[in-house]
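The next block holds one structure in the form of structure tokens; read it before the comments.
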Amino acid sequence: MRKLGTIDLEVLQLAIKENGTFNETNLENSELKRLGVGKILDSLASLKDRELISLNNNGSFSITNLAKEILWGENIPVWAKILRLLQIKSCNMEQITDILRLSKEEALENIEKLRKNQFVLMSPQRQEEKIIKVYEILPEGIEEIDKTDLEGFNKINFEESQSGIEMLGLVDEIVKEIQDSEMNQIRKETILKKLSELKGKLEI
């Protein structure tokens, strides 16, 4: 797999958002503008040299199939896309779903699988007076995703465990059953409080 830097990622993500092709106007209206013209031109030249973007006759750039296969290929498992992304930079859930174009449910299910296998770590960080859950790749995750370059994606066997999404659904079902039961109110509130705490720990 071709290695990407954070700026490489931003440029390719811009191409994906613009349906594969971007121009000078798109660059000026993006966050990349902060880098300045010189840095942007260097990044474009580097991506072109590595055959990750191509220059069109009208001066626009298009993302190549080679680049798409790094993070957006249809044949790449979601868990592998997430590990490859986190190998480039740590991300919160919003960034993961936005960059990889995933639903939150799909991202949550795969991150839970990666966490259970000690490939990814979630660490709470304070950003603008809010606690944000940020995901980082662990050394074991780097080792496993690097193996896929030679062995493919079928060599990794994840531990079989019920996904966090399924367990959250099960907790919700139990909560509803208890709420509808004729159990003593004090006892009911005690159990519901414990289930609420359990649900909070299951959520990513």
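Numbering starts fresh at 1 for the residues of each chain in the structure tokens, the chains themselves are lettered A, B, ... in the order given, and ligands are numbered from 1 as they appear.
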
Within 12 Å of stretch 34-37 of chain A, counting only C-alpha atoms, which residues show up once you throw out same-chain ones fewer than 4 positions away? Write them as number ranges by chain, please.
A: 7, 10-11, 24, 27-30, 41-44

Taking N, CA and C atoms for each residue, export the selection above as a PDB file, in the first residue's frame.
ATOM      1  N   ILE A   7      -1.501  15.630   4.740  1.00  0.00           N
ATOM      2  CA  ILE A   7      -1.858  16.545   3.642  1.00  0.00           C
ATOM      3  C   ILE A   7      -2.286  15.745   2.415  1.00  0.00           C
ATOM      4  N   GLU A  10      -5.824  14.864   2.932  1.00  0.00           N
ATOM      5  CA  GLU A  10      -6.747  15.992   2.713  1.00  0.00           C
ATOM      6  C   GLU A  10      -7.009  16.224   1.231  1.00  0.00           C
ATOM      7  N   VAL A  11      -5.951  16.135   0.425  1.00  0.00           N
ATOM      8  CA  VAL A  11      -6.102  16.358  -1.020  1.00  0.00           C
ATOM      9  C   VAL A  11      -6.967  15.262  -1.641  1.00  0.00           C
ATOM     10  N   GLU A  24      -8.619  24.363  -9.101  1.00  0.00           N
ATOM     11  CA  GLU A  24      -8.052  25.431  -8.265  1.00  0.00           C
ATOM     12  C   GLU A  24      -9.099  26.053  -7.364  1.00  0.00           C
ATOM     13  N   LEU A  27      -9.747  23.932  -4.368  1.00  0.00           N
ATOM     14  CA  LEU A  27      -8.647  24.044  -3.401  1.00  0.00           C
ATOM     15  C   LEU A  27      -8.758  25.330  -2.591  1.00  0.00           C
ATOM     16  N   GLU A  28      -9.090  26.433  -3.263  1.00  0.00           N
ATOM     17  CA  GLU A  28      -9.201  27.724  -2.582  1.00  0.00           C
ATOM     18  C   GLU A  28     -10.347  27.739  -1.583  1.00  0.00           C
ATOM     19  N   ASN A  29     -11.378  26.959  -1.845  1.00  0.00           N
ATOM     20  CA  ASN A  29     -12.539  26.923  -0.958  1.00  0.00           C
ATOM     21  C   ASN A  29     -12.441  25.829   0.108  1.00  0.00           C
ATOM     22  N   SER A  30     -11.305  25.161   0.165  1.00  0.00           N
ATOM     23  CA  SER A  30     -11.127  24.079   1.131  1.00  0.00           C
ATOM     24  C   SER A  30     -10.194  24.499   2.259  1.00  0.00           C
ATOM     25  N   LEU A  41       1.213  23.221  -4.030  1.00  0.00           N
ATOM     26  CA  LEU A  41       1.833  22.784  -5.278  1.00  0.00           C
ATOM     27  C   LEU A  41       2.802  21.623  -5.045  1.00  0.00           C
ATOM     28  N   ASP A  42       3.557  21.683  -3.956  1.00  0.00           N
ATOM     29  CA  ASP A  42       4.474  20.592  -3.618  1.00  0.00           C
ATOM     30  C   ASP A  42       3.699  19.293  -3.370  1.00  0.00           C
ATOM     31  N   SER A  43       2.585  19.418  -2.665  1.00  0.00           N
ATOM     32  CA  SER A  43       1.772  18.243  -2.347  1.00  0.00           C
ATOM     33  C   SER A  43       1.165  17.636  -3.601  1.00  0.00           C
ATOM     34  N   LEU A  44       0.678  18.493  -4.498  1.00  0.00           N
ATOM     35  CA  LEU A  44       0.101  18.014  -5.754  1.00  0.00           C
ATOM     36  C   LEU A  44       1.156  17.314  -6.610  1.00  0.00           C
TER      37      LEU A  44
END

Among stretch 8-204 of chain A, which ones does DSSP assign to strand (DSSP E or B) (computed from the backbone)? Answer as a VMD selection string.
chain A and resid 21 to 22 53 to 55 61 to 63 91 to 92 120 to 127 130 to 137

So that I can check the surroundings of A:Lys3, please list as a list in words every protein, DNA and RNA residue that reaches within 12 Å of it, counting only C-alpha atoms and ignoring chain neighbours fewer than 4 positions away.
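What passes the distance filter is Ile7, Asp8, Leu9, Ser46, Leu47, Arg50, Leu52, Leu66, Ala67, Glu69, Ile70, Leu71, Arg84, Leu85, Gln87, Ile88, Lys89, Asp146 and Asp149 of chain A.
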
For atom CA of A:Glu51 and atom CA of A:Leu100, determine how far apart the two atoms are, in Å to one decimal place.
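So the answer is 20.5 Å.
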
Non-local contacts of stretch 76-82 of chain A (9 Å; only C-alpha atoms; under 6 positions in same chain excluded) as an MDAnalysis selection string:
chainID A and resid 69:70 96 100 102 106:107 110:111 113:114 145 148 153

Could you take the residues named above and write them with N, CA, C and O atoms, as a CSV table (one decimal), in the first residue's frame?
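Full text of selection-v7.csv as output:
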chain,number,residue,atom,x,y,z
A,69,GLU,N,-8.0,2.9,-4.1
A,69,GLU,CA,-7.9,1.6,-3.4
A,69,GLU,C,-7.2,1.6,-2.0
A,69,GLU,O,-7.3,0.6,-1.3
A,70,ILE,N,-6.7,2.7,-1.7
A,70,ILE,CA,-6.1,2.8,-0.3
A,70,ILE,C,-7.1,2.9,0.8
A,70,ILE,O,-7.1,2.2,1.7
A,96,ILE,N,-14.0,9.8,11.0
A,96,ILE,CA,-13.9,8.5,10.4
A,96,ILE,C,-15.0,8.3,9.4
A,96,ILE,O,-14.8,7.9,8.2
A,100,LEU,N,-14.1,8.3,5.3
A,100,LEU,CA,-14.3,7.0,4.7
A,100,LEU,C,-15.7,6.8,4.1
A,100,LEU,O,-16.0,5.7,3.5
A,102,LEU,N,-18.7,6.4,5.6
A,102,LEU,CA,-19.4,5.2,6.2
A,102,LEU,C,-20.6,5.7,7.0
A,102,LEU,O,-20.6,6.9,7.4
A,106,GLU,N,-22.1,1.4,10.8
A,106,GLU,CA,-21.0,0.5,10.2
A,106,GLU,C,-19.7,0.8,10.9
A,106,GLU,O,-18.9,-0.1,11.2
A,107,ALA,N,-19.4,2.1,11.1
A,107,ALA,CA,-18.1,2.5,11.7
A,107,ALA,C,-18.0,2.0,13.1
A,107,ALA,O,-17.0,1.4,13.6
A,110,ASN,N,-17.4,-1.9,13.4
A,110,ASN,CA,-16.0,-2.3,13.0
A,110,ASN,C,-15.0,-1.8,14.0
A,110,ASN,O,-14.0,-2.5,14.3
A,111,ILE,N,-15.2,-0.6,14.6
A,111,ILE,CA,-14.3,-0.1,15.6
A,111,ILE,C,-14.4,-0.9,16.9
A,111,ILE,O,-13.4,-1.2,17.5
A,113,LYS,N,-15.0,-4.0,17.0
A,113,LYS,CA,-14.3,-5.3,16.7
A,113,LYS,C,-12.8,-5.0,16.8
A,113,LYS,O,-12.0,-5.9,17.3
A,114,LEU,N,-12.3,-3.9,16.3
A,114,LEU,CA,-10.9,-3.5,16.4
A,114,LEU,C,-10.4,-3.3,17.8
A,114,LEU,O,-9.3,-3.7,18.2
A,145,ILE,N,-2.3,-4.5,9.9
A,145,ILE,CA,-2.6,-3.9,8.6
A,145,ILE,C,-1.5,-3.9,7.7
A,145,ILE,O,-1.7,-4.1,6.5
A,148,THR,N,-1.4,-7.2,5.7
A,148,THR,CA,-2.3,-7.4,4.6
A,148,THR,C,-1.7,-7.0,3.2
A,148,THR,O,-2.2,-7.5,2.2
A,153,PHE,N,-6.5,-9.8,3.0
A,153,PHE,CA,-7.4,-9.5,4.2
A,153,PHE,C,-8.0,-10.7,4.8
A,153,PHE,O,-8.7,-10.6,5.8

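The coordinates place atom CA of A:Ile137 at 6.1 Å from atom CA of A:Phe119.
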